[in-house]
Every structure is written in structure tokens, then in C-alpha cells.
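Data from input_12.cif: mmCIF, C-alpha atoms and all ligand atoms
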data_data
#
loop_
_atom_site.group_PDB
_atom_site.id
_atom_site.type_symbol
_atom_site.label_atom_id
_atom_site.label_comp_id
_atom_site.auth_asym_id
_atom_site.auth_seq_id
_atom_site.Cartn_x
_atom_site.Cartn_y
_atom_site.Cartn_z
ATOM 1 C CA MET P 1 13.149 6.272 -12.778
ATOM 2 C CA ARG P 2 10.632 7.919 -15.091
ATOM 3 C CA PHE P 3 6.899 7.528 -14.830
ATOM 4 C CA MET P 4 4.347 8.150 -17.543
ATOM 5 C CA ASN P 5 0.820 7.689 -16.287
ATOM 6 C CA SER P 6 -2.135 7.905 -18.663
ATOM 7 C CA SER P 7 -4.489 6.031 -16.336
ATOM 8 C CA THR P 8 -6.713 7.454 -13.604
ATOM 9 C CA LEU P 9 -4.831 5.409 -10.968
ATOM 10 C CA VAL P 10 -2.824 7.318 -8.400
ATOM 11 C CA LEU P 11 0.508 5.533 -8.610
ATOM 12 C CA PRO P 12 2.456 4.855 -5.405
ATOM 13 C CA LYS P 13 5.603 6.205 -7.034
ATOM 14 C CA LEU P 14 7.688 6.296 -3.869
ATOM 15 C CA LEU P 15 6.857 2.672 -3.087
ATOM 16 C CA TRP P 16 7.529 1.579 -6.679
ATOM 17 C CA SER P 17 10.872 3.394 -6.660
ATOM 18 C CA GLN P 18 11.805 1.614 -3.457
ATOM 19 C CA LEU P 19 10.847 -1.755 -4.943
ATOM 20 C CA ALA P 20 12.989 -1.006 -7.997
ATOM 21 C CA GLY P 21 15.784 0.025 -5.639
ATOM 22 C CA ALA P 22 15.529 -3.288 -3.803
ATOM 23 C CA MET P 23 16.064 -4.990 -7.180
ATOM 24 C CA LYS P 24 18.956 -2.634 -8.018
ATOM 25 C CA LEU P 25 16.955 -1.257 -10.908
ATOM 26 C CA ASP P 26 17.024 2.373 -9.844
ATOM 27 C CA GLY P 27 19.646 4.621 -11.377
ATOM 28 C CA ILE P 28 21.433 3.928 -14.664
ATOM 29 C CA LEU P 29 20.656 0.414 -15.858
ATOM 30 C CA PRO P 30 23.605 -1.925 -16.522
ATOM 31 C CA GLY P 31 22.262 -2.738 -19.995
ATOM 32 C CA ALA P 32 22.033 0.949 -20.897
ATOM 33 C CA LYS P 33 25.729 1.463 -20.137
ATOM 34 C CA SER P 34 26.785 -0.866 -22.924
ATOM 35 C CA ASP P 35 23.964 -0.047 -25.295
ATOM 36 C CA GLU P 36 25.675 -0.425 -28.647
ATOM 37 C CA LEU P 37 22.440 -0.910 -30.576
ATOM 38 C CA GLY P 38 20.797 2.159 -29.068
ATOM 39 C CA MET P 39 17.877 0.241 -27.582
ATOM 40 C CA TYR P 40 17.543 2.570 -24.622
ATOM 41 C CA GLY P 41 17.384 5.925 -26.337
ATOM 42 C CA THR P 42 18.304 8.904 -24.243
ATOM 43 C CA VAL P 43 16.789 7.657 -20.973
ATOM 44 C CA LYS P 44 19.188 5.250 -19.307
ATOM 45 C CA SER P 45 17.100 4.516 -16.229
ATOM 46 C CA LEU P 46 13.979 2.420 -15.767
ATOM 47 C CA ARG P 47 10.883 3.832 -17.480
ATOM 48 C CA VAL P 48 7.405 2.924 -16.319
ATOM 49 C CA THR P 49 4.390 3.630 -18.512
ATOM 50 C CA VAL P 50 0.847 3.045 -17.271
ATOM 51 C CA ARG P 51 -1.587 3.104 -20.157
ATOM 52 C CA ARG P 52 -5.086 4.450 -20.081
ATOM 53 C CA GLU P 53 -7.629 1.940 -18.717
ATOM 54 C CA ARG P 54 -9.203 -0.230 -21.375
ATOM 55 C CA GLN P 55 -12.341 -2.317 -21.233
ATOM 56 C CA VAL P 56 -11.838 -6.058 -21.208
ATOM 57 C CA ARG P 57 -14.538 -8.657 -21.585
ATOM 58 C CA LYS P 58 -15.188 -10.817 -18.561
ATOM 59 C CA GLY P 59 -13.055 -13.946 -18.522
ATOM 60 C CA GLN P 60 -10.895 -12.684 -21.363
ATOM 61 C CA VAL P 61 -7.176 -13.290 -20.932
ATOM 62 C CA VAL P 62 -5.300 -10.081 -21.595
ATOM 63 C CA THR P 63 -1.783 -8.772 -21.251
ATOM 64 C CA THR P 64 -1.485 -6.776 -18.056
ATOM 65 C CA GLY P 65 2.176 -5.870 -18.253
ATOM 66 C CA SER P 66 5.221 -6.083 -20.461
ATOM 67 C CA TYR P 67 8.919 -5.359 -20.283
ATOM 68 C CA THR P 68 11.445 -4.492 -22.923
ATOM 69 C CA TYR P 69 14.876 -2.783 -22.693
ATOM 70 C CA GLY P 70 14.436 -0.826 -19.494
ATOM 71 C CA HIS P 71 10.799 -0.067 -20.172
ATOM 72 C CA VAL P 72 7.899 -1.498 -18.126
ATOM 73 C CA THR P 73 4.414 -0.983 -19.555
ATOM 74 C CA LEU P 74 1.265 -1.711 -17.570
ATOM 75 C CA TYR P 75 -2.198 -2.071 -19.085
ATOM 76 C CA PRO P 76 -4.887 -1.649 -16.421
ATOM 77 C CA CYS P 77 -8.602 -2.176 -16.930
ATOM 78 C CA PRO P 78 -11.214 0.033 -15.226
ATOM 79 C CA ASN P 79 -11.541 -2.487 -12.357
ATOM 80 C CA CYS P 80 -7.836 -2.766 -11.528
ATOM 81 C CA SER P 81 -6.795 -1.674 -8.055
ATOM 82 C CA VAL P 82 -3.445 -0.022 -7.396
ATOM 83 C CA ALA P 83 -2.541 -3.128 -5.380
ATOM 84 C CA PHE P 84 -3.136 -5.366 -8.403
ATOM 85 C CA VAL P 85 -1.139 -3.113 -10.715
ATOM 86 C CA THR P 86 1.669 -3.189 -8.148
ATOM 87 C CA GLN P 87 1.697 -6.994 -8.274
ATOM 88 C CA VAL P 88 2.007 -6.802 -12.069
ATOM 89 C CA PHE P 89 4.713 -4.157 -11.663
ATOM 90 C CA ILE P 90 6.724 -6.544 -9.438
ATOM 91 C CA HIS P 91 6.341 -9.291 -12.072
ATOM 92 C CA GLU P 92 7.782 -6.960 -14.709
ATOM 93 C CA LEU P 93 10.535 -5.828 -12.324
ATOM 94 C CA MET P 94 11.601 -9.445 -12.134
ATOM 95 C CA HIS P 95 11.832 -9.648 -15.939
ATOM 96 C CA ALA P 96 13.796 -6.401 -15.918
ATOM 97 C CA TRP P 97 16.144 -7.690 -13.242
ATOM 98 C CA ILE P 98 16.858 -10.933 -15.098
ATOM 99 C CA HIS P 99 17.362 -9.006 -18.334
ATOM 100 C CA GLN P 100 19.738 -6.521 -16.725
ATOM 101 C CA TYR P 101 21.732 -8.886 -14.513
ATOM 102 C CA HIS P 102 21.351 -12.359 -16.044
ATOM 103 C CA SER P 103 20.825 -11.682 -19.713
ATOM 104 C CA PRO P 104 21.902 -15.152 -20.952
ATOM 105 C CA LEU P 105 19.082 -16.642 -18.874
ATOM 106 C CA TYR P 106 16.680 -13.984 -20.055
ATOM 107 C CA SER P 107 17.189 -14.843 -23.699
ATOM 108 C CA LYS P 108 17.180 -18.586 -23.363
ATOM 109 C CA SER P 109 14.457 -19.436 -20.877
ATOM 110 C CA ASP P 110 10.834 -18.645 -20.175
ATOM 111 C CA THR P 111 10.995 -16.679 -16.961
ATOM 112 C CA CYS P 112 7.308 -15.831 -16.596
ATOM 113 C CA GLU P 113 6.570 -18.524 -14.031
ATOM 114 C CA VAL P 114 9.347 -17.535 -11.670
ATOM 115 C CA ALA P 115 8.427 -13.871 -12.223
ATOM 116 C CA GLU P 116 4.882 -14.665 -11.154
ATOM 117 C CA ARG P 117 6.076 -16.551 -8.060
ATOM 118 C CA PHE P 118 8.269 -13.621 -7.146
ATOM 119 C CA ALA P 119 5.431 -11.146 -7.759
ATOM 120 C CA ASN P 120 3.081 -13.113 -5.521
ATOM 121 C CA ALA P 121 5.687 -13.409 -2.777
ATOM 122 C CA GLY P 122 6.612 -9.728 -3.091
ATOM 123 C CA PHE P 123 2.987 -8.671 -2.983
ATOM 124 C CA LYS P 124 2.475 -10.762 0.145
ATOM 125 C CA ALA P 125 5.636 -9.354 1.748
ATOM 126 C CA LEU P 126 4.104 -5.896 1.330
ATOM 127 C CA GLY P 127 1.019 -7.077 3.177
ATOM 128 C CA GLY P 128 -1.093 -7.328 0.038
ATOM 129 C CA LYS P 129 -4.211 -9.491 -0.022
ATOM 130 C CA ARG P 130 -6.368 -11.044 -2.715
ATOM 131 C CA GLY P 131 -10.108 -11.215 -2.243
ATOM 132 C CA SER P 132 -12.006 -14.441 -2.737
ATOM 133 C CA LEU P 133 -12.825 -13.526 -6.339
ATOM 134 C CA LYS P 134 -9.093 -13.236 -7.107
ATOM 135 C CA ASN P 135 -9.830 -10.697 -9.830
ATOM 136 C CA CYS P 136 -7.891 -7.499 -10.449
ATOM 137 C CA GLY P 137 -10.260 -5.379 -8.362
ATOM 138 C CA SER P 138 -10.025 -7.646 -5.319
ATOM 139 C CA TYR P 139 -6.328 -7.025 -4.604
ATOM 140 C CA THR P 140 -5.762 -4.725 -1.663
ATOM 141 C CA PHE P 141 -2.936 -3.277 0.372
ATOM 142 C CA PRO P 142 -2.900 -2.433 4.069
ATOM 143 C CA THR P 143 -4.019 1.152 4.554
ATOM 144 C CA ARG P 144 -0.556 2.175 5.683
ATOM 145 C CA LEU P 145 2.329 0.653 3.786
ATOM 146 C CA SER P 146 5.118 1.141 6.255
ATOM 147 C CA LEU P 147 8.876 1.001 5.743
ATOM 148 C CA ALA P 148 8.841 -2.307 7.614
ATOM 149 C CA ARG P 149 6.949 -3.761 4.642
ATOM 150 C CA VAL P 150 9.569 -2.514 2.218
ATOM 151 C CA PHE P 151 12.170 -4.118 4.455
ATOM 152 C CA GLU P 152 10.346 -7.449 4.025
ATOM 153 C CA PHE P 153 10.416 -6.978 0.252
ATOM 154 C CA ARG P 154 14.132 -6.169 0.381
ATOM 155 C CA ALA P 155 14.803 -9.353 2.325
ATOM 156 C CA LEU P 156 12.968 -11.283 -0.380
ATOM 157 C CA ALA P 157 14.953 -9.613 -3.165
ATOM 158 C CA ALA P 158 18.172 -10.401 -1.277
ATOM 159 C CA ASN P 159 17.123 -14.043 -1.009
ATOM 160 C CA LEU P 160 16.504 -14.078 -4.745
ATOM 161 C CA ARG P 161 19.936 -12.625 -5.517
ATOM 162 C CA ALA P 162 21.587 -15.185 -3.249
ATOM 163 C CA GLU P 163 20.074 -18.010 -5.306
ATOM 164 C CA MET P 164 21.180 -16.664 -8.643
ATOM 165 C CA PRO P 165 21.887 -17.475 -11.310
ATOM 166 C CA THR P 166 21.902 -21.263 -11.006
ATOM 167 C CA GLY P 167 18.638 -21.629 -9.137
ATOM 168 C CA LEU P 168 16.666 -19.124 -11.163
ATOM 169 C CA LEU P 169 13.875 -21.157 -12.672
ATOM 170 C CA ALA P 170 13.427 -23.231 -9.527
ATOM 171 C CA TRP P 171 13.300 -20.269 -7.138
ATOM 172 C CA HIS P 172 10.507 -20.328 -4.591
ATOM 173 C CA ALA P 173 9.897 -17.811 -1.849
ATOM 174 C CA PRO P 174 11.386 -19.044 1.429
ATOM 175 C CA ASP P 175 8.956 -19.927 4.177
ATOM 176 C CA PRO P 176 8.466 -16.595 5.999
ATOM 177 C CA ARG P 177 8.561 -18.373 9.379
ATOM 178 C CA ILE P 178 12.049 -19.697 8.637
ATOM 179 C CA ARG P 179 13.186 -16.280 7.490
ATOM 180 C CA HIS P 180 11.923 -14.643 10.657
ATOM 181 C CA ALA P 181 13.592 -17.230 12.846
ATOM 182 C CA ARG P 182 16.863 -16.479 11.091
ATOM 183 C CA LEU P 183 16.472 -12.709 11.433
ATOM 184 C CA GLU P 184 15.533 -12.894 15.078
ATOM 185 C CA GLY P 185 17.907 -15.655 16.066
HETATM 186 ZN ZN ZN O 1 6.060 -12.435 -17.594
#
Show this structure as C-alpha cells.
Amino acid sequence: MRFMNSSTLVLPKLLWSQLAGAMKLDGILPGAKSDELGMYGTVKSLRVTVRRERQVRKGQVVTTGSYTYGHVTLYPCPNCSVAFVTQVFIHELMHAWIHQYHSPLYSKSDTCEVAERFANAGFKALGGKRGSLKNCGSYTFPTRLSLARVFEFRALAANLRAEMPTGLLAWHAPDPRIRHARLEG
């Protein structure tokens, strides 16, 4: 994975790499192996670019992330917390995963809603919280993001893979209580 960070945020690169790993998006991307049109250039692994913070007017709806051919771009504003940008990162990881592993679905359906559900569930699995304002500055992580949290995220990604590809658009995060019962029982 390659990171390009033009923002003032300190990126949790190790965590992000582990999240990408849980989605099997670390290493050479499947789409880059058969890249006849040269869409990937010389870098065959996932690239993550975080742009410089830009001012946004209050209440304005803006793009916070995008994905195209192995490249995730994030567009923070000066209020964004690392936790919020991580939630957006997970959303884009989901697009990347569908594009790399289920490309027919990627090209024929709108996958933003399921990506958002997955991002919210993934963020929660990591122990993330949203403040009452629900704005980009109110997202927080626990002070110590332990490996146990990443394990929770991995379990979620595994659940997602198990449902694919038929259940893609209808995927919802499993009830965590059920999942725990299964793991413990
Ligand atoms: Zn989207």
C-alpha cells in the first residue's frame, strides 16, 4: 500500500493497512494483474491519497472520498477527525473490494448504500463513536485501538465475504450479540 498525505492529519497507517488486509486489498490487486488498458500505472497495490484540508460551508454536501482503479482519495475539511476519515476510508475500501473481486456488480449497481452500511459497522467494530452532532469532528476512536478491535473488523469482513456475491446489495451487519454467541459457543 502507498500513502500520500497532504493533510495535517496523522494517519493511522498501520491500522489502515490492517483494514485493507482484512478486505484482501493489501499486496498486488487482482485488477492490476490483468490490467490491459493500463489503468493502474506502475503501482499495482492500493494507493491512498489524503488531500489537503479544504474549507466547506456549513451544511454543504461535499464529496469526502472517492475510489477509482486501486486509488482511494480522501478529502478532509479542517474539522475532520482521524476517526471520521477512517470511516470514509472503510467506505472506499468497500468500493475497492467490490471493484476488485465482484467487478460485474461494481459496474452495474449503485453500491454506495451498502458501502455506507459496511463503513458504519466497521467503524463501530473498531470501537468508534459518533457524537450527538454527528458531524465530521464528532467521530472518535477509543484511545487505544487494540488488535482485538481489528479482529472484530476482520470478523465483519469475513461475514461480508460469506454473503457474496448474491447478497451484496442487501447486506446488513449481523447483530453483534449473535456473532459473539457463535464465537463463544
Ligand atoms: Zn460510495
Would you translate the PyMOL selection byres (((not hetatm)) within 8 of (chain O and resi 1)) into the concrete set of residues it matches in this file, as a list of chain:residue names?
-> P:Gly65, P:Ser66, P:His91, P:Glu92, P:His95, P:Thr111, P:Cys112, P:Glu113, P:Ala115, P:Glu116
Which is closest to Ala170 of chain P among P:Trp97, P:Phe118, P:Lys58, P:Arg154, if we use all atoms listed in the file?
-> P:Phe118
With all atoms of segment 111-118 of chain P from the file as input, state the centre and edge lengths in Å to one decimal of the axis-aligned box that has 4 Å extra on each side, as lines of an AutoDock Vina configuration file.
center_x = 7.9
center_y = -16.1
center_z = -12.1
size_x = 14.1
size_y = 12.9
size_z = 17.8
Sel. within 12 Å of pt (21.6, 0.6, -22.4), counting all atoms listed in the file, output as an MDAnalysis selection string = chainID P and resid 27:46 68:71 99:100
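Taking atom CA of His102 of chain P and atom CA of Ala119 of chain P as endpoints, the distance between them is 18.0 Å.
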Given the PyMOL selection byres (((chain P and resi 126-142) around 12) and not hetatm), the residues it picks as a PyMOL selection string = chain P and resi 12+15-16+18-19+56+58-62+64+75-88+90+119-125+143-156
Which is closest to Arg54 of chain P among P:Ala173, P:Val114, P:Lys108, P:Thr8, if we use all atoms listed in the file?
->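 Of all the options, P:Thr8 lies closest to Arg54 of chain P.
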Name the closest residue to Met4 of chain P among the candidates P:Asp26, P:Gly21, P:Ala158, P:Leu74; distances are taken between atoms, counting all atoms listed in the file.
-> P:Leu74
